[in-house]
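Visitor: Before I ask anything, here is the structure I am working with.
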Amino acid sequence: MRKAAIVPAYNEAGSIGVVVAEIRAADPELEVVVVDDGSTDATAELAHSAGATVLRVPYNLGIGAAVQTGLQYASENEFDLAVQVDGDGQHDARELEQLLAPILSGEADIAVGTRFAGDRFYRPSVARRIGIALFAGLVSLIVRQRVTDTTSGFRAMNRRGIRLFAADYPHDYPEVEATVLVFRHRLRMVEVPVTMRQRETGRSSITVFRSLYYMGKVSLALFVGLLRPRPAAG
Amino acid sequence: MIETRLTFVAAVAVVFVLGVIVELIRRHRLQERYALLWIATGGVMLVLAIWRQALDGFAHLIGVAYPPSALFMVAGLFVFVVLLHYSTVLSRLSDQNKTLAQKIALLEQQVREKDERRPRRVA
């Protein structure tokens, strides 16, 4: 059984060493694959010396393409499981065991760590909460399954999931579309309640302008996506 | 008289633009496949600029009272089509660009891994 932790990182020199070490400590069987998304700092070197496999894309591609690169690595090397863990330290490696459980038991093809299901405590800003609720409602309708956290990038998948995303993954702000993609390809998805931490270093990429772009881009992709023919099962 | 002058100016402008396009193709600065839409634009503009009856007839057909306005409208429409075409080209290029970058990252990792496994040769 080969398991990979895909860690997209863009200028995360301040946290990447710790993130890699924590993942390896939490589950020594996980091969940590850091995708350096065109960083200008020492992210790649620090990840390498922390014991990670490092994939360096030649210039900044955005989170979606970076994650996809890691999944392509996992697909080419025939990994059985891949879990995405953000490089900024907000995903807690101690939650990995819980997140991986439904994949390892064969219960689901993809497991998404959610900050809302269960009794965990997470309170984002009002605007963000409205945005998340809006898309969560919309996606829940489309996939006919209750989805509570469509912005979570903390997700684990089996080989079917790896293959799907290695071939087809949204460019930027990929989480919402990826959820719909999973449903349309008839993969089984579960949500796993997790706690996320505040960012350790660096800044969140969310600004007013980007939020507007996010809403527009994701809505457009969702509606046009529904107009595409649904792929056959397999 | 004014209308004759307009015909003349429009025709000269279109011929000039077509000349520039041909020259760009000749110097390999513009691929034929991207020039075709521009040449079609220029061709239609030239015909409508010279052949007054056609322009008048077309203007009447779409309900434009002042025929030269119809000329501008046609030009605007063609430019719109060209721009939309460019957006699709841009999308395809950025997709291919992303795939290439990802491929490079994977290949580079393989090369580095091989290098690390092989004992260093002493120079």
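Residues are referred to by chain and number: the chain letter is A, B, ... according to the order shown in the structure tokens, the number counts from 1 in that chain, and ligands are numbered separately from 1 in the order shown.
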Select all residues from chain A having any atom no more than 9 Å from an atom of chain B (counting only C-alpha atoms, ignoring ligands), output as a ChimeraX atom specification.

Guide: /A:35,53-59,61,65-66,68-70,72-73,171

Visitor: Might you pull out every residue within 9 Å of segment 85-92 of chain A, with only C-alpha atoms counted and same-chain residues fewer than 3 positions away left off, and present them as a CSV table (one decimal) with C-alpha atoms, in the first residue's frame?

Guide:
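That gives us selection20.csv:
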```csv
chain,number,residue,atom,x,y,z
A,5,ALA,CA,0.6,13.3,1.3
A,6,ILE,CA,0.4,16.0,-1.4
A,7,VAL,CA,1.4,19.4,0.0
A,8,PRO,CA,1.0,22.4,-2.3
A,9,ALA,CA,3.3,25.3,-1.1
A,10,TYR,CA,3.9,28.7,-2.4
A,12,GLU,CA,5.8,28.8,2.7
A,14,GLY,CA,8.3,29.7,7.4
A,15,SER,CA,6.1,26.6,7.9
A,16,ILE,CA,6.9,23.9,5.3
A,18,VAL,CA,7.3,21.8,10.4
A,19,VAL,CA,4.4,20.7,8.1
A,20,VAL,CA,6.4,18.0,6.5
A,22,GLU,CA,4.4,16.7,11.5
A,23,ILE,CA,2.9,14.6,8.6
A,34,VAL,CA,5.7,18.9,-1.6
A,95,GLU,CA,-6.4,14.6,12.1
A,96,LEU,CA,-4.9,12.5,9.3
A,153,GLY,CA,-8.7,21.5,0.8
A,154,PHE,CA,-8.1,18.9,3.4
A,155,ARG,CA,-9.1,15.7,1.4
A,156,ALA,CA,-8.0,12.1,1.0
A,194,VAL,CA,-11.8,18.0,11.6
A,195,THR,CA,-10.4,21.0,13.4
A,196,MET,CA,-8.3,23.4,11.5
A,197,ARG,CA,-5.7,25.8,12.9
A,198,GLN,CA,-5.1,29.5,12.3
A,199,ARG,CA,-2.5,30.1,9.7
A,200,GLU,CA,1.0,29.9,11.2
A,201,THR,CA,2.8,32.2,8.8
A,202,GLY,CA,2.1,33.9,5.5
```

Visitor: Do you know which residues are at most 9 Å from Arg188 of chain A counting only C-alpha atoms, after dropping those on the same chain fewer than 6 positions away, and could you put them as a VMD selection string?

Guide: chain A and resid 107 to 111 182

Visitor: Identify which of the residues B:Leu37, B:Leu55, B:Val15, B:Leu30 lies closest to Leu84 of chain B, counting only C-alpha atoms when measuring atom-to-atom distances.

Guide: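 Comparing B:Leu37, B:Leu55, B:Val15, B:Leu30 against Leu84 of chain B, the winner is B:Leu37.
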
Visitor: Apply DSSP to the backbone of this structure and, from segment 2-87 of chain A, keep only the residues in alpha helix (DSSP H); write these as number ranges by chain.

Guide: A: 16-26, 43-49, 63-76

Visitor: Have a look at atom CA of Arg5 of chain B and atom CA of Val17 of chain B and let me know their distance in Å, one decimal.

Guide: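 Straight-line distance from atom CA of Arg5 of chain B to atom CA of Val17 of chain B works out to 18.5 Å.
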
Visitor: Within 12 Å of Leu222 of chain A, counting only C-alpha atoms, which residues show up once you throw out same-chain ones fewer than 2 positions away? Write them as a list in words, please.

Guide: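 What passes the distance filter is Phe135, Leu138, Val139, Leu141, Ile142, Val143, Pro170, Pro174, Glu175, Val176, Glu177, Ala178, Thr179, Val180, Leu181, Arg184, Tyr214, Met215, Gly216, Lys217, Val218, Ser219, Leu220, Val224, Gly225, Leu226, Leu227 and Arg228 of chain A.
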
Visitor: Could those residues be written to a file, using N, CA and C atoms, as a compact mmCIF listing (two decimals), in the first residue's frame?

Guide:
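again00.txt, written as the output of this step:
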```txt
# COMPACT_ATOMS: atom_id res chain seq x y z
N PHE A 135 -22.53 28.29 -1.33
CA PHE A 135 -22.01 27.24 -2.20
C PHE A 135 -22.30 25.86 -1.63
N LEU A 138 -25.82 25.09 -2.64
CA LEU A 138 -25.89 24.85 -4.08
C LEU A 138 -25.31 23.48 -4.44
N VAL A 139 -24.12 23.21 -3.91
CA VAL A 139 -23.46 21.95 -4.20
C VAL A 139 -24.26 20.77 -3.64
N LEU A 141 -27.40 20.56 -3.37
CA LEU A 141 -28.51 20.32 -4.30
C LEU A 141 -28.03 19.53 -5.52
N ILE A 142 -26.90 19.94 -6.05
CA ILE A 142 -26.40 19.32 -7.27
C ILE A 142 -26.00 17.87 -7.03
N VAL A 143 -25.27 17.64 -5.93
CA VAL A 143 -24.76 16.28 -5.72
C VAL A 143 -25.72 15.43 -4.90
N PRO A 170 -9.85 21.47 -11.60
CA PRO A 170 -10.04 22.89 -11.91
C PRO A 170 -8.77 23.71 -11.68
N PRO A 174 -10.32 25.38 -6.64
CA PRO A 174 -10.84 24.13 -7.22
C PRO A 174 -11.84 23.36 -6.36
N GLU A 175 -11.99 23.68 -5.08
CA GLU A 175 -12.68 22.76 -4.17
C GLU A 175 -14.14 22.51 -4.54
N VAL A 176 -14.87 23.60 -4.85
CA VAL A 176 -16.30 23.44 -5.15
C VAL A 176 -16.50 22.58 -6.39
N GLU A 177 -15.79 22.94 -7.46
CA GLU A 177 -15.93 22.20 -8.70
C GLU A 177 -15.50 20.76 -8.54
N ALA A 178 -14.44 20.54 -7.77
CA ALA A 178 -13.93 19.19 -7.58
C ALA A 178 -15.00 18.31 -6.94
N THR A 179 -15.76 18.89 -6.00
CA THR A 179 -16.82 18.14 -5.34
C THR A 179 -17.87 17.67 -6.35
N VAL A 180 -18.24 18.58 -7.25
CA VAL A 180 -19.23 18.23 -8.26
C VAL A 180 -18.67 17.19 -9.23
N LEU A 181 -17.40 17.35 -9.56
CA LEU A 181 -16.72 16.41 -10.45
C LEU A 181 -16.76 15.00 -9.87
N ARG A 184 -20.24 13.62 -10.29
CA ARG A 184 -20.58 13.29 -11.68
C ARG A 184 -19.86 12.04 -12.17
N TYR A 214 -13.87 34.91 -7.15
CA TYR A 214 -14.15 33.55 -6.68
C TYR A 214 -15.62 33.18 -6.90
N MET A 215 -16.52 34.06 -6.43
CA MET A 215 -17.95 33.80 -6.56
C MET A 215 -18.34 33.65 -8.04
N GLY A 216 -17.86 34.58 -8.85
CA GLY A 216 -18.22 34.57 -10.26
C GLY A 216 -17.69 33.34 -10.97
N LYS A 217 -16.42 33.08 -10.74
CA LYS A 217 -15.76 31.98 -11.44
C LYS A 217 -16.39 30.64 -11.06
N VAL A 218 -16.58 30.44 -9.76
CA VAL A 218 -17.09 29.15 -9.29
C VAL A 218 -18.54 28.95 -9.74
N SER A 219 -19.36 30.02 -9.66
CA SER A 219 -20.75 29.90 -10.10
C SER A 219 -20.83 29.54 -11.58
N LEU A 220 -20.03 30.25 -12.38
CA LEU A 220 -20.03 30.00 -13.82
C LEU A 220 -19.62 28.55 -14.11
N VAL A 224 -22.08 25.87 -15.98
CA VAL A 224 -21.66 25.35 -17.28
C VAL A 224 -21.31 23.87 -17.15
N GLY A 225 -20.73 23.52 -15.99
CA GLY A 225 -20.39 22.12 -15.75
C GLY A 225 -21.61 21.21 -15.85
N LEU A 226 -22.76 21.73 -15.41
CA LEU A 226 -23.99 20.93 -15.45
C LEU A 226 -24.46 20.70 -16.89
N LEU A 227 -24.02 21.56 -17.80
CA LEU A 227 -24.44 21.43 -19.19
C LEU A 227 -23.60 20.41 -19.95
N ARG A 228 -22.48 19.97 -19.30
CA ARG A 228 -21.64 18.99 -19.97
C ARG A 228 -22.27 17.61 -19.83
```

Visitor: Near Tyr34 of chain B, within 10 Å and counting only C-alpha atoms, which residues show up once chain neighbours fewer than 3 positions away are dropped, as a list in words?

Guide: Ile25, Leu30, Gln31, Leu37, Trp38, Ile39, Val82, His85, Tyr86 and Val89 of chain B

Visitor: Write out the residues from the selection above, keeping C-alpha atoms, as a PDB file, in the first residue's frame.

Guide:
```
ATOM      1  CA  ILE B  25       2.379  36.974 -42.758  1.00  0.00           C
ATOM      2  CA  LEU B  30       1.437  36.350 -38.107  1.00  0.00           C
ATOM      3  CA  GLN B  31       0.218  32.824 -38.783  1.00  0.00           C
ATOM      4  CA  LEU B  37     -10.423  36.316 -39.697  1.00  0.00           C
ATOM      5  CA  TRP B  38      -8.769  39.707 -40.206  1.00  0.00           C
ATOM      6  CA  ILE B  39      -8.675  39.270 -43.968  1.00  0.00           C
ATOM      7  CA  VAL B  82     -11.952  38.096 -33.639  1.00  0.00           C
ATOM      8  CA  HIS B  85     -11.684  33.763 -31.077  1.00  0.00           C
ATOM      9  CA  TYR B  86      -8.559  35.051 -29.336  1.00  0.00           C
ATOM     10  CA  VAL B  89      -6.944  30.536 -28.295  1.00  0.00           C
TER      11      VAL B  89
END
```

Visitor: Report, in Å with one decimal, the straight-line distance from atom CA of Gly131 of chain A to atom CA of Glu191 of chain A.

Guide: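 Answer for the atom CA of Gly131 of chain A to atom CA of Glu191 of chain A separation: 18.9 Å.
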
Visitor: Which value, in Å to one decimal, gives the distance between atom CA of Asp41 of chain A and atom CA of Asn11 of chain A?

Guide: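 Interatomic distance, atom CA of Asp41 of chain A to atom CA of Asn11 of chain A: 5.7 Å.
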
Visitor: Quick one: residues within 8 Å of Asn60 of chain A, only C-alpha atoms counted, chain neighbours fewer than 6 positions away excluded, as a list of chain:residue names?

Guide: A:Tyr10, A:Asp37, A:Gly38, A:Ser39

Visitor: With C-alpha atoms kept, could you save the residues just selected as a PDB file, in the first residue's frame?

Guide:
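Result written to out06.pdb:
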```pdb
ATOM      1  CA  TYR A  10       3.879  28.749  -2.447  1.00  0.00           C
ATOM      2  CA  ASP A  37       4.336  26.247  -6.882  1.00  0.00           C
ATOM      3  CA  GLY A  38       7.050  28.570  -8.178  1.00  0.00           C
ATOM      4  CA  SER A  39       8.208  29.838  -4.779  1.00  0.00           C
TER       5      SER A  39
END
```

Visitor: Hey, what's within 10 Å of segment 68-78 of chain B if we count only C-alpha atoms and toss same-chain stuff fewer than 5 positions away? As a list in words, please?

Guide: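 My reading of the contact set: Glu3, Leu6, Thr7, Ala10, Leu37, Trp38, Ala40, Thr41, Gly42, Val44, Met45, Leu46, Leu48, Ala49, Arg52, Leu55, Asp56, Phe58, Ala59, His60, Ile62, Gly63, Leu83 and Leu84 of chain B.
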
Visitor: Go ahead and dump the residues you just picked, C-alpha atoms, as a PDB file, in the first residue's frame.

Guide:
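That gives us part31.pdb:
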```pdb
ATOM      1  CA  GLU B   3     -20.301  60.232 -49.367  1.00  0.00           C
ATOM      2  CA  LEU B   6     -16.110  58.594 -47.269  1.00  0.00           C
ATOM      3  CA  THR B   7     -16.053  55.693 -49.723  1.00  0.00           C
ATOM      4  CA  ALA B  10     -12.757  53.754 -46.094  1.00  0.00           C
ATOM      5  CA  LEU B  37     -10.423  36.316 -39.697  1.00  0.00           C
ATOM      6  CA  TRP B  38      -8.769  39.707 -40.206  1.00  0.00           C
ATOM      7  CA  ALA B  40     -12.356  38.306 -43.965  1.00  0.00           C
ATOM      8  CA  THR B  41     -13.057  41.441 -41.901  1.00  0.00           C
ATOM      9  CA  GLY B  42     -11.095  43.595 -44.343  1.00  0.00           C
ATOM     10  CA  VAL B  44     -16.257  42.576 -46.163  1.00  0.00           C
ATOM     11  CA  MET B  45     -15.410  46.157 -45.181  1.00  0.00           C
ATOM     12  CA  LEU B  46     -13.892  46.812 -48.589  1.00  0.00           C
ATOM     13  CA  LEU B  48     -19.336  47.540 -48.310  1.00  0.00           C
ATOM     14  CA  ALA B  49     -17.179  50.669 -48.611  1.00  0.00           C
ATOM     15  CA  ARG B  52     -22.755  51.710 -52.098  1.00  0.00           C
ATOM     16  CA  LEU B  55     -24.312  49.013 -48.030  1.00  0.00           C
ATOM     17  CA  ASP B  56     -27.557  50.943 -48.508  1.00  0.00           C
ATOM     18  CA  PHE B  58     -27.933  46.140 -45.944  1.00  0.00           C
ATOM     19  CA  ALA B  59     -28.576  49.238 -43.826  1.00  0.00           C
ATOM     20  CA  HIS B  60     -32.180  49.274 -44.944  1.00  0.00           C
ATOM     21  CA  ILE B  62     -31.441  45.882 -40.610  1.00  0.00           C
ATOM     22  CA  GLY B  63     -33.235  49.210 -40.127  1.00  0.00           C
ATOM     23  CA  LEU B  83     -11.589  38.921 -29.931  1.00  0.00           C
ATOM     24  CA  LEU B  84     -13.766  36.011 -28.880  1.00  0.00           C
TER      25      LEU B  84
END
```

Visitor: Using DSSP assignments from the backbone, pull out every residue in segment 88-208 of chain A that falls under strand (DSSP E or B) and give it to me as a PyMOL selection string.

Guide: chain A and resi 91+110-114+155-158+189-193+196

Visitor: Mind dumping the selected residues with C-alpha atoms as a CSV table (one decimal), in the first residue's frame?

Guide:
```
chain,number,residue,atom,x,y,z
A,91,HIS,CA,-4.4,21.4,8.3
A,110,ILE,CA,-12.9,10.5,-1.4
A,111,ALA,CA,-13.0,11.9,2.2
A,112,VAL,CA,-13.2,15.7,2.8
A,113,GLY,CA,-12.2,17.2,6.1
A,114,THR,CA,-15.0,19.6,7.1
A,155,ARG,CA,-9.1,15.7,1.4
A,156,ALA,CA,-8.0,12.1,1.0
A,157,MET,CA,-8.8,9.8,-1.9
A,158,ASN,CA,-8.2,6.4,-3.2
A,189,MET,CA,-17.7,11.0,-1.0
A,190,VAL,CA,-17.9,11.4,2.8
A,191,GLU,CA,-17.2,14.3,5.1
A,192,VAL,CA,-15.1,13.9,8.1
A,193,PRO,CA,-15.3,16.5,10.9
A,196,MET,CA,-8.3,23.4,11.5
```
